[in-house]
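File shown: query.cif. Contents: mmCIF, C-alpha atoms.
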data_input
loop_
_atom_site.label_atom_id
_atom_site.label_comp_id
_atom_site.auth_asym_id
_atom_site.auth_seq_id
_atom_site.Cartn_x
_atom_site.Cartn_y
_atom_site.Cartn_z
CA MET A 153 -72.36 63.44 -71.55
CA VAL A 154 -68.73 64.58 -71.24
CA ILE A 155 -69.82 68.09 -72.24
CA ALA A 156 -72.66 67.94 -69.73
CA ILE A 157 -70.30 66.86 -66.95
CA THR A 158 -67.77 69.56 -67.87
CA LEU A 159 -70.50 72.21 -67.82
CA VAL A 160 -71.85 71.04 -64.49
CA ILE A 161 -68.37 71.07 -62.98
CA SER A 162 -67.49 74.50 -64.30
CA ALA A 163 -70.82 75.84 -63.08
CA LEU A 164 -70.31 74.33 -59.68
CA SER A 165 -66.60 74.99 -59.36
CA LYS A 166 -67.17 78.07 -57.23
CA ASN A 167 -69.61 76.30 -54.95
CA LEU A 168 -67.65 73.09 -54.62
CA ASN A 169 -65.50 74.49 -51.86
CA LEU A 170 -66.84 73.35 -48.53
CA PHE A 171 -65.90 76.49 -46.64
CA TYR A 172 -64.68 80.10 -46.81
CA SER A 173 -61.32 81.16 -45.43
CA PRO A 174 -61.12 84.04 -42.92
CA SER A 175 -59.67 86.27 -45.68
CA GLU A 176 -62.66 85.57 -47.94
CA LEU A 177 -65.02 86.35 -45.06
CA LEU A 178 -63.32 89.70 -44.46
CA GLU A 179 -63.64 90.72 -48.12
CA GLY A 180 -67.21 91.61 -47.28
CA ASN A 181 -68.99 89.62 -49.98
CA ILE A 182 -70.89 87.54 -47.46
CA THR A 183 -74.15 88.79 -46.06
CA PRO A 184 -74.26 88.56 -42.26
CA GLY A 185 -76.92 86.13 -41.11
CA ASN A 186 -76.60 83.71 -44.04
CA ILE A 187 -75.70 80.17 -43.02
CA ILE A 188 -72.21 79.38 -44.35
CA ARG A 189 -69.14 77.36 -43.43
CA ALA A 190 -65.77 78.85 -42.53
CA GLY A 191 -62.52 76.98 -42.11
CA GLY A 192 -59.01 77.54 -40.89
CA MET A 193 -56.52 76.72 -38.16
CA VAL A 194 -57.35 77.40 -34.53
CA THR A 195 -54.95 80.17 -33.47
CA SER A 196 -52.68 79.00 -30.67
CA GLY A 197 -53.58 80.43 -27.29
CA SER A 198 -56.92 81.76 -28.51
CA ILE A 199 -59.24 79.14 -27.00
CA LYS A 200 -61.24 80.56 -24.10
CA LYS A 201 -63.67 78.17 -22.45
CA SER A 202 -66.42 79.44 -20.19
CA THR A 203 -66.37 77.98 -16.69
CA ASP A 204 -70.13 77.68 -16.17
CA SER A 205 -71.42 76.78 -19.65
CA LEU A 206 -70.37 74.99 -22.83
CA GLU A 207 -69.57 78.30 -24.49
CA VAL A 208 -66.18 78.57 -26.11
CA VAL A 209 -64.55 81.42 -27.98
CA PHE A 210 -61.58 80.91 -30.30
CA SER A 211 -60.13 82.46 -33.41
CA ILE A 212 -59.44 80.74 -36.71
CA THR A 213 -56.75 81.85 -39.09
CA ASP A 214 -55.47 81.24 -42.61
CA PHE A 215 -52.16 82.86 -41.57
CA LYS A 216 -53.14 86.11 -43.33
CA ASN A 217 -56.31 87.03 -41.52
CA SER A 218 -58.20 85.64 -38.59
CA ILE A 219 -61.75 85.75 -37.34
CA LEU A 220 -63.30 85.28 -33.90
CA VAL A 221 -65.68 82.33 -33.49
CA THR A 222 -68.20 81.80 -30.70
CA TYR A 223 -69.71 78.36 -30.17
CA GLU A 224 -71.84 76.68 -27.55
CA GLY A 225 -71.84 72.91 -27.56
CA ILE A 226 -69.68 69.83 -27.49
CA LEU A 227 -66.41 70.03 -29.45
CA PRO A 228 -65.06 67.07 -31.43
CA ASP A 229 -62.16 65.15 -29.82
CA LEU A 230 -59.63 66.38 -32.35
CA PHE A 231 -60.40 70.03 -31.70
CA SER A 232 -57.20 71.72 -30.50
CA GLU A 233 -54.88 74.65 -31.02
CA ASN A 234 -53.06 74.67 -34.36
CA ALA A 235 -55.48 72.10 -35.78
CA GLY A 236 -57.85 72.64 -38.69
CA VAL A 237 -61.56 73.21 -38.08
CA VAL A 238 -64.62 73.80 -40.24
CA VAL A 239 -67.40 75.76 -38.52
CA LYS A 240 -70.96 76.17 -39.73
CA GLY A 241 -72.96 79.21 -38.71
CA PHE A 242 -73.21 82.86 -39.69
CA LEU A 243 -71.34 86.13 -39.61
CA ARG A 244 -72.60 88.70 -37.15
CA GLU A 245 -72.78 92.42 -37.86
CA ASP A 246 -69.66 93.03 -35.74
CA GLY A 247 -67.63 90.69 -38.01
CA SER A 248 -67.40 87.79 -35.60
CA PHE A 249 -68.76 84.33 -36.38
CA LEU A 250 -71.45 82.51 -34.45
CA ALA A 251 -71.01 78.77 -34.97
CA GLN A 252 -73.78 76.19 -34.70
CA GLU A 253 -71.56 73.25 -35.57
CA VAL A 254 -67.80 72.71 -35.22
CA LEU A 255 -66.08 69.96 -37.21
CA ALA A 256 -62.44 69.01 -36.73
CA LYS A 257 -60.32 68.69 -39.84
CA HIS A 258 -57.36 66.37 -39.56
CA ASP A 259 -54.32 66.37 -41.79
CA GLU A 260 -52.72 63.58 -43.81
CA ASN A 261 -49.92 62.94 -41.30
CA TYR A 262 -49.88 59.76 -39.30
CA MET A 263 -47.22 58.81 -36.76
CA PRO A 264 -46.81 57.03 -33.43
CA PRO A 265 -46.92 59.27 -30.31
CA GLU A 266 -43.21 58.65 -29.61
CA VAL A 267 -42.23 59.99 -33.03
CA ALA A 268 -44.48 63.03 -32.53
CA LYS A 269 -42.75 63.70 -29.20
CA ILE A 270 -39.30 63.55 -30.77
CA LEU A 271 -40.39 65.89 -33.57
CA GLU A 272 -41.83 68.29 -31.03
CA SER A 273 -38.66 68.35 -28.92
CA LYS A 274 -36.61 69.12 -32.03
CA GLU A 275 -38.69 72.23 -32.70
CA MET B 152 -57.19 33.37 -72.73
CA GLY B 153 -59.79 35.50 -74.39
CA SER B 154 -61.88 32.46 -75.18
CA PRO B 155 -64.51 31.70 -72.53
CA PRO B 156 -64.03 27.87 -72.47
CA PHE B 157 -60.28 28.26 -72.13
CA PHE B 158 -60.64 30.76 -69.27
CA TYR B 159 -63.20 28.56 -67.58
CA ARG B 160 -61.01 25.45 -67.59
CA TRP B 161 -57.85 27.32 -66.71
CA SER B 162 -59.49 29.15 -63.79
CA THR B 163 -60.84 25.85 -62.39
CA THR B 164 -57.22 25.02 -61.59
CA PHE B 165 -55.95 28.36 -60.32
CA SER B 166 -58.95 29.73 -58.47
CA PRO B 167 -58.47 27.65 -55.26
CA TRP B 168 -54.83 28.76 -55.07
CA LEU B 169 -55.91 32.34 -55.61
CA ALA B 170 -58.41 31.96 -52.76
CA LEU B 171 -55.68 30.66 -50.46
CA LEU B 172 -53.31 33.50 -51.38
CA ALA B 173 -56.05 36.12 -50.95
CA VAL B 174 -57.07 34.82 -47.51
CA ILE B 175 -53.45 34.69 -46.28
CA VAL B 176 -52.41 38.17 -47.47
CA PHE B 177 -55.76 39.75 -46.53
CA SER B 178 -55.76 38.43 -42.97
CA ALA B 179 -52.02 39.08 -42.51
CA GLY B 180 -52.50 42.74 -43.54
CA LEU B 181 -55.52 43.33 -41.31
CA PHE B 182 -53.97 41.44 -38.37
CA TRP B 183 -50.77 43.47 -38.65
CA GLY B 184 -52.51 46.79 -39.17
CA ILE B 185 -55.26 46.46 -36.58
CA GLY B 186 -53.34 44.40 -34.03
CA PHE B 187 -49.73 45.52 -34.20
CA ALA B 188 -49.23 48.85 -35.99
CA PRO B 189 -48.54 51.73 -33.57
CA THR B 190 -51.36 53.98 -32.45
CA ASP B 191 -51.59 57.47 -33.98
CA TYR B 192 -50.37 60.52 -32.02
CA LYS B 193 -53.50 62.51 -32.75
CA GLN B 194 -56.32 60.16 -33.63
CA GLY B 195 -55.46 57.28 -31.31
CA ASP B 196 -56.73 53.86 -32.34
CA VAL B 197 -59.60 55.16 -34.48
CA TYR B 198 -57.20 55.69 -37.37
CA ARG B 199 -56.91 51.89 -37.74
CA ILE B 200 -60.06 51.97 -39.86
CA ILE B 201 -57.64 53.22 -42.56
CA TYR B 202 -56.62 49.57 -43.07
CA ILE B 203 -60.10 48.88 -44.47
CA HIS B 204 -61.03 52.33 -45.77
CA VAL B 205 -58.02 53.05 -48.00
CA PRO B 206 -57.76 49.62 -49.72
CA SER B 207 -61.52 49.70 -50.42
CA ALA B 208 -61.32 53.21 -51.84
CA ILE B 209 -58.32 52.33 -54.02
CA LEU B 210 -60.19 49.29 -55.36
CA ALA B 211 -63.41 51.27 -55.86
CA GLU B 212 -61.53 53.59 -58.23
CA SER B 213 -59.30 50.94 -59.86
CA ILE B 214 -62.19 48.57 -60.62
CA TYR B 215 -63.97 51.40 -62.41
CA VAL B 216 -60.88 52.08 -64.53
CA LEU B 217 -60.70 48.35 -65.32
CA MET B 218 -64.35 48.46 -66.42
CA ALA B 219 -63.68 51.47 -68.62
CA VAL B 220 -60.77 49.64 -70.29
CA CYS B 221 -63.02 46.61 -70.84
CA GLY B 222 -65.71 48.92 -72.20
CA PHE B 223 -63.26 50.33 -74.71
CA ILE B 224 -62.09 46.84 -75.75
CA SER B 225 -65.70 45.69 -76.01
CA MET B 226 -66.64 48.66 -78.23
CA VAL B 227 -63.60 48.51 -80.51
CA TRP B 228 -62.93 44.78 -80.87
CA ARG B 229 -66.33 43.38 -79.87
CA ALA B 230 -64.59 40.95 -77.51
CA LYS B 231 -67.35 39.05 -75.70
CA ILE B 232 -65.21 38.42 -72.63
CA ALA B 233 -64.76 42.19 -72.10
CA GLY B 234 -68.51 42.65 -71.81
CA MET B 235 -68.73 39.75 -69.38
CA LEU B 236 -65.94 41.29 -67.30
CA ILE B 237 -67.89 44.54 -66.90
CA THR B 238 -70.99 42.66 -65.76
CA SER B 239 -68.95 40.62 -63.29
CA ALA B 240 -66.85 43.49 -61.93
CA ALA B 241 -69.62 46.08 -61.41
CA PRO B 242 -71.28 44.57 -58.30
CA ILE B 243 -67.88 43.97 -56.68
CA GLY B 244 -66.81 47.56 -57.43
CA ALA B 245 -70.10 48.85 -56.03
CA GLY B 246 -69.47 46.78 -52.91
CA PHE B 247 -66.00 48.22 -52.32
CA THR B 248 -67.32 51.75 -52.92
CA LEU B 249 -70.00 51.15 -50.32
CA ILE B 250 -67.42 49.82 -47.84
CA ALA B 251 -65.26 52.92 -48.46
CA LEU B 252 -68.26 55.21 -47.90
CA VAL B 253 -69.44 53.43 -44.74
CA THR B 254 -66.00 53.10 -43.11
CA GLY B 255 -65.27 56.72 -44.06
CA SER B 256 -68.51 57.78 -42.44
CA ILE B 257 -67.68 55.96 -39.19
CA TRP B 258 -64.17 57.42 -39.21
CA GLY B 259 -65.61 60.88 -39.86
CA GLN B 260 -67.99 60.63 -36.91
CA PHE B 261 -65.12 59.80 -34.56
CA THR B 262 -62.62 62.36 -35.82
CA TRP B 263 -64.40 65.20 -37.62
CA GLY B 264 -67.56 65.00 -35.54
CA THR B 265 -69.98 64.23 -38.36
CA TRP B 266 -71.11 61.16 -40.29
CA TRP B 267 -71.42 62.98 -43.59
CA VAL B 268 -70.61 66.31 -45.15
CA TRP B 269 -71.20 67.33 -48.76
CA ASP B 270 -67.59 68.10 -49.59
CA ALA B 271 -66.04 67.35 -52.99
CA ARG B 272 -64.32 64.08 -52.01
CA LEU B 273 -67.34 62.51 -50.33
CA THR B 274 -69.81 63.69 -52.96
CA SER B 275 -67.69 62.50 -55.91
CA THR B 276 -67.28 59.08 -54.26
CA LEU B 277 -71.05 58.87 -53.83
CA ILE B 278 -71.40 59.67 -57.56
CA LEU B 279 -69.03 56.76 -58.28
CA PHE B 280 -71.37 54.50 -56.32
CA PHE B 281 -74.32 55.76 -58.40
CA LEU B 282 -72.36 55.10 -61.61
CA TYR B 283 -71.76 51.51 -60.54
CA SER B 284 -75.46 51.16 -59.73
CA ALA B 285 -76.40 52.65 -63.11
CA ILE B 286 -74.18 50.13 -64.91
CA ILE B 287 -75.68 47.20 -62.98
CA GLY B 288 -79.21 48.48 -63.58
CA LEU B 289 -78.70 49.28 -67.25
CA HIS B 290 -77.22 45.88 -68.00
CA SER B 291 -79.99 43.94 -66.34
CA SER B 292 -82.70 46.04 -67.96
CA ILE B 293 -81.68 45.08 -71.52
CA GLU B 294 -82.69 41.57 -72.54
CA ASN B 295 -80.28 41.19 -75.46
CA LYS B 296 -76.83 40.67 -73.89
CA ALA B 297 -74.90 42.01 -76.89
CA LYS B 298 -76.91 45.26 -76.81
CA ALA B 299 -76.61 45.42 -73.03
CA ASP B 300 -72.82 45.07 -73.31
CA ARG B 301 -72.67 47.91 -75.80
CA ALA B 302 -74.80 50.19 -73.61
CA VAL B 303 -72.80 49.62 -70.43
CA SER B 304 -69.51 49.91 -72.33
CA ILE B 305 -70.42 53.45 -73.33
CA LEU B 306 -71.46 54.30 -69.77
CA ALA B 307 -68.28 52.74 -68.33
CA VAL B 308 -66.01 54.68 -70.71
CA LEU B 309 -67.77 58.05 -70.29
CA GLY B 310 -68.12 57.68 -66.53
CA VAL B 311 -64.39 57.20 -66.02
CA VAL B 312 -63.95 61.00 -65.75
CA ILE B 313 -65.15 60.64 -62.15
CA VAL B 314 -61.96 58.79 -61.16
CA PRO B 315 -59.48 61.68 -61.64
CA ILE B 316 -62.07 64.01 -60.11
CA ILE B 317 -62.22 61.87 -56.95
CA LYS B 318 -58.44 61.61 -56.86
CA LYS B 319 -57.81 65.36 -57.27
CA SER B 320 -60.90 66.64 -55.39
CA VAL B 321 -58.89 67.24 -52.22
CA ASP B 322 -56.39 69.43 -54.12
CA TRP B 323 -58.81 71.31 -56.39
CA TRP B 324 -61.33 72.30 -53.73
CA GLN B 325 -61.38 72.97 -50.04
CA THR B 326 -62.70 69.82 -48.41
CA LEU B 327 -63.14 68.42 -44.92
CA HIS B 328 -61.40 65.25 -46.10
CA GLN B 329 -57.62 65.49 -45.69
CA SER B 330 -55.35 65.48 -48.72
CA SER B 331 -53.47 62.40 -49.91
CA THR B 332 -50.93 60.77 -47.58
CA PHE B 333 -49.31 58.97 -50.50
CA THR B 334 -48.20 60.95 -53.54
CA LEU B 335 -45.88 60.18 -56.42
CA THR B 336 -43.76 63.25 -55.83
CA SER B 337 -42.90 63.06 -52.13
CA SER B 338 -42.34 60.45 -49.46
CA PRO B 339 -45.47 59.33 -47.57
CA SER B 340 -46.48 61.48 -44.61
CA MET B 341 -46.96 58.38 -42.50
CA SER B 342 -44.41 56.44 -40.52
CA PRO B 343 -43.15 53.18 -42.15
CA ASP B 344 -44.45 50.89 -39.39
CA MET B 345 -47.93 52.23 -40.23
CA TYR B 346 -47.78 52.20 -44.03
CA GLN B 347 -46.12 48.80 -44.41
CA PRO B 348 -49.20 46.94 -43.11
CA LEU B 349 -51.33 49.28 -45.24
CA PHE B 350 -49.53 48.13 -48.39
CA VAL B 351 -50.10 44.49 -47.37
CA CYS B 352 -53.80 45.32 -46.89
CA VAL B 353 -54.01 46.90 -50.34
CA LEU B 354 -52.38 43.78 -51.80
CA GLY B 355 -54.69 41.48 -49.82
CA PHE B 356 -57.83 43.37 -50.86
CA SER B 357 -56.61 43.25 -54.49
CA PHE B 358 -56.10 39.47 -54.40
CA LEU B 359 -59.51 39.13 -52.83
CA PHE B 360 -60.96 41.20 -55.68
CA ILE B 361 -59.21 39.09 -58.35
CA PHE B 362 -60.54 35.94 -56.71
CA MET B 363 -64.09 37.32 -56.52
CA LEU B 364 -63.89 38.55 -60.11
CA THR B 365 -62.68 35.15 -61.35
CA ASN B 366 -65.55 33.34 -59.67
CA SER B 367 -68.12 35.85 -60.78
CA LEU B 368 -66.79 35.72 -64.35
CA ARG B 369 -66.97 31.91 -64.35
CA GLY B 370 -70.64 32.14 -63.43
CA GLU B 371 -71.29 34.75 -66.10
CA ILE B 372 -69.54 32.61 -68.74
CA ILE B 373 -71.59 29.51 -67.93
CA PHE B 374 -74.81 31.54 -67.85
CA ARG B 375 -74.23 33.23 -71.19
CA GLU B 376 -72.87 30.16 -72.98
CA ARG B 377 -75.40 27.73 -71.49
CA ASP B 378 -76.59 26.62 -74.91
CA LYS B 379 -73.10 26.00 -76.26
CA LEU B 380 -71.79 22.50 -76.75
CA TRP B 381 -68.71 22.97 -74.54
CA VAL B 382 -70.82 23.85 -71.52
CA LYS B 383 -73.02 20.79 -72.06
CA ASN B 384 -69.90 18.63 -72.34
CA GLN B 385 -68.42 20.23 -69.23
CA PHE B 386 -71.42 19.41 -67.06
CA PHE B 387 -73.05 16.37 -68.62
CA GLY B 388 -69.98 14.55 -69.85
CA GLN B 389 -69.03 13.86 -73.41
CA GLU B 390 -71.40 11.70 -75.36
CA ARG B 391 -69.71 9.86 -78.09
#
Starting from the file, give its structure as structure tokens.
Amino acid sequence: MVIAITLVISALSKNLNLFYSPSELLEGNITPGNIIRAGGMVTSGSIKKSTDSLEVVFSITDFKNSILVTYEGILPDLFSENAGVVVKGFLREDGSFLAQEVLAKHDENYMPPEVAKILESKE
Amino acid sequence: MGSPPFFYRWSTTFSPWLALLAVIVFSAGLFWGIGFAPTDYKQGDVYRIIYIHVPSAILAESIYVLMAVCGFISMVWRAKIAGMLITSAAPIGAGFTLIALVTGSIWGQFTWGTWWVWDARLTSTLILFFLYSAIIGLHSSIENKAKADRAVSILAVLGVVIVPIIKKSVDWWQTLHQSSTFTLTSSPSMSPDMYQPLFVCVLGFSFLFIFMLTNSLRGEIIFRERDKLWVKNQFFGQER
């Protein structure tokens, strides 16, 4: 059973990642049109919301490469600049990503708003 | 202590005190965490579910490790009480795993925007729940208790590999679940007025578990030893 579990894990190890990073997407191993997940940080200042529809365009980055994401729908509350997101959708021929679902990733830091404000003012 | 009659009599005295302690620490932790801890700068008040989610998840993993240790003792030394402990602990462990999964799911809906995602942390925790279920099912499907103990001991010991996998899943693979707030190597990435009540909650949940385990084990002992003289004396008085 231990051997079986080890084999299953080693076989799955490549597929156990929930999402691809922008750099992995740009390597060109992913066929456009296949449904995949991509993840990264929302680049600051990149969010552009349409005024007459729910369409939003933003770019996600892994601090080496970034990729443009288009999405139409309701964003989770925690979606913001410099916050992690995981998007599900597919790569288009032009190298941009069309998302069907946007999930917000949150980090392991917890603090009261006052502390966050102090930290921010220090930066 | 390893002898069932001794444990039974001894626990008759301490179990009410354990109940009192568990209720006090458990409610103090939850009251402090949910009622008085500061709100989070990013997640708001939703993060307060952590005061149920994290203690349940810690117990879900710890109870399995305890069962694996009992499984080992039961296999090597044939200690009857170790087998009884596995039978008593499994449903409680399954319960805490379920609580961790359900509270995590609710938390996920409010922060991530989804109830469930098949990432490594969530999937491995679901496997833990299935392992608990398998142990409960396997034990009740074997009539002979000694054989049943041996079978579940093997399953408990082999299955313990899932615990480090759950623990490290957020570091080994990219997951939607955030990585650990508390690590052995660095200070917690949470402010003290938030993690202090969390520690009380973990303690309270643990006392609650010990109390539940004691009671469940008492029942298991009486059931398995129902034909023994000491049980008859315990319940029907000594006939001289």
- [ ] Excluding Thr195 of chain A and residues on its chain fewer than 6 positions from it, collect all residues at most 9 Å away from it, counting only C-alpha atoms, and give them as a ChimeraX atom specification.
- [x] /A:210-213,215,218,233-235
Open item on the list: Show me, as a list in words, the residues of chain A whose atoms get within 7 Å of chain B, using all atoms listed in the file for the distance check.
Closed with: Val154, Leu168, Asn169, Leu170, Phe171, Pro228, Asp229, Leu230, Leu255, Ala256, Lys257, His258, Asp259, Glu260, Asn261, Tyr262, Met263, Pro264, Pro265 and Ala268 of chain A
Ala302 of chain B surroundings by all atoms listed in the file, 9 Å radius, close-in-sequence under 4 positions cut, as an mmCIF file with C-alpha atoms, keeping the file's coordinate frame:
data_model
loop_
_atom_site.group_PDB
_atom_site.id
_atom_site.type_symbol
_atom_site.label_atom_id
_atom_site.label_comp_id
_atom_site.auth_asym_id
_atom_site.auth_seq_id
_atom_site.Cartn_x
_atom_site.Cartn_y
_atom_site.Cartn_z
ATOM 1 C CA ILE B 286 -74.180 50.130 -64.910
ATOM 2 C CA LEU B 289 -78.700 49.280 -67.250
ATOM 3 C CA HIS B 290 -77.220 45.880 -68.000
ATOM 4 C CA ILE B 293 -81.680 45.080 -71.520
ATOM 5 C CA ALA B 297 -74.900 42.010 -76.890
ATOM 6 C CA LYS B 298 -76.910 45.260 -76.810
ATOM 7 C CA LEU B 306 -71.460 54.300 -69.770
ATOM 8 C CA ALA B 307 -68.280 52.740 -68.330
#
- [ ] Report the residues retrieved by the PyMOL selection byres ((chain B and resi 226) around 12) from the displayed file, expressed as a list of chain:residue names.
- [x]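 Matching residues under the PyMOL selection byres ((chain B and resi 226) around 12) are B:Ala219, B:Val220, B:Cys221, B:Gly222, B:Phe223, B:Ile224, B:Ser225, B:Val227, B:Trp228, B:Arg229, B:Ala230, B:Lys231, B:Ile232, B:Ala233, B:Gly234, B:Ala297, B:Lys298, B:Ala299, B:Asp300, B:Arg301, B:Ala302, B:Val303, B:Ser304, B:Ile305, B:Leu306, B:Ala307, B:Val308.
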Resolved residues for the PyMOL selection byres ((chain A and resi 226) around 10) as a CSV table (one decimal) with C-alpha atoms, keeping the file's coordinate frame:
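Below is the file part-v9.csv, written as the result:
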chain,number,residue,atom,x,y,z
A,206,LEU,CA,-70.4,75.0,-22.8
A,207,GLU,CA,-69.6,78.3,-24.5
A,208,VAL,CA,-66.2,78.6,-26.1
A,223,TYR,CA,-69.7,78.4,-30.2
A,224,GLU,CA,-71.8,76.7,-27.6
A,225,GLY,CA,-71.8,72.9,-27.6
A,227,LEU,CA,-66.4,70.0,-29.4
A,228,PRO,CA,-65.1,67.1,-31.4
A,229,ASP,CA,-62.2,65.2,-29.8
A,253,GLU,CA,-71.6,73.2,-35.6
A,254,VAL,CA,-67.8,72.7,-35.2
B,264,GLY,CA,-67.6,65.0,-35.5
- [ ] Could you jot down the atom CA of Ile188 of chain A to atom CA of Thr254 of chain B separation for me, Å, one decimal place?
- [x]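 Spanning atom CA of Ile188 of chain A to atom CA of Thr254 of chain B is a straight-line distance of 27.0 Å.
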Open item on the list: If we count all atoms listed in the file and set the cut-off at 10 Å, which residues sit around segment 236-249 of chain B, ignoring sequence neighbours fewer than 6 positions away in its own chain? Please answer as number ranges by chain.
Closed with: B: 203-204, 206-215, 217-222, 225, 255, 276-277, 279-287, 290-291, 299-300, 303-304, 307, 356, 360-361, 363-372
Once the PyMOL selection byres ((chain A and resi 252) around 6) is applied to the coordinates I shared, what remains selected? I want it as a PDB file with C-alpha atoms, in the frame of the given file.
ATOM      1  CA  LYS A 240     -70.960  76.170 -39.730  1.00  0.00           C
ATOM      2  CA  GLY A 241     -72.960  79.210 -38.710  1.00  0.00           C
ATOM      3  CA  ALA A 251     -71.010  78.770 -34.970  1.00  0.00           C
ATOM      4  CA  GLU A 253     -71.560  73.250 -35.570  1.00  0.00           C
TER       5      GLU A 253
END
Report, as JSON, the axis-aligned box around all atoms of segment 320-335 of chain B present in the file, extended by 3 Å on each side; give centre and edge lengths in Å to one decimal place.
{"center_x": -54.5, "center_y": 66.0, "center_z": -50.7, "size_x": 23.3, "size_y": 20.0, "size_z": 17.5}
TODO: Grab the atom CA of Ser292 of chain B to atom CA of Glu376 of chain B distance for me, in Å with one decimal place.
DONE: 19.3 Å
Task: Closest of B:Leu380, B:Val311, B:Ile373, B:Val197 to Met153 of chain A - atom-to-atom distances counting only C-alpha atoms - done: B:Val311
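Taking atom CA of Leu335 of chain B and atom CA of Pro315 of chain B as the two end points, the separation is 14.6 Å.
For the residues B:Cys352, B:Met235, B:Ala170, B:Val314, ranking by smallest atom-to-atom distance to Pro155 of chain B using all atoms listed in the file places B:Met235 first.
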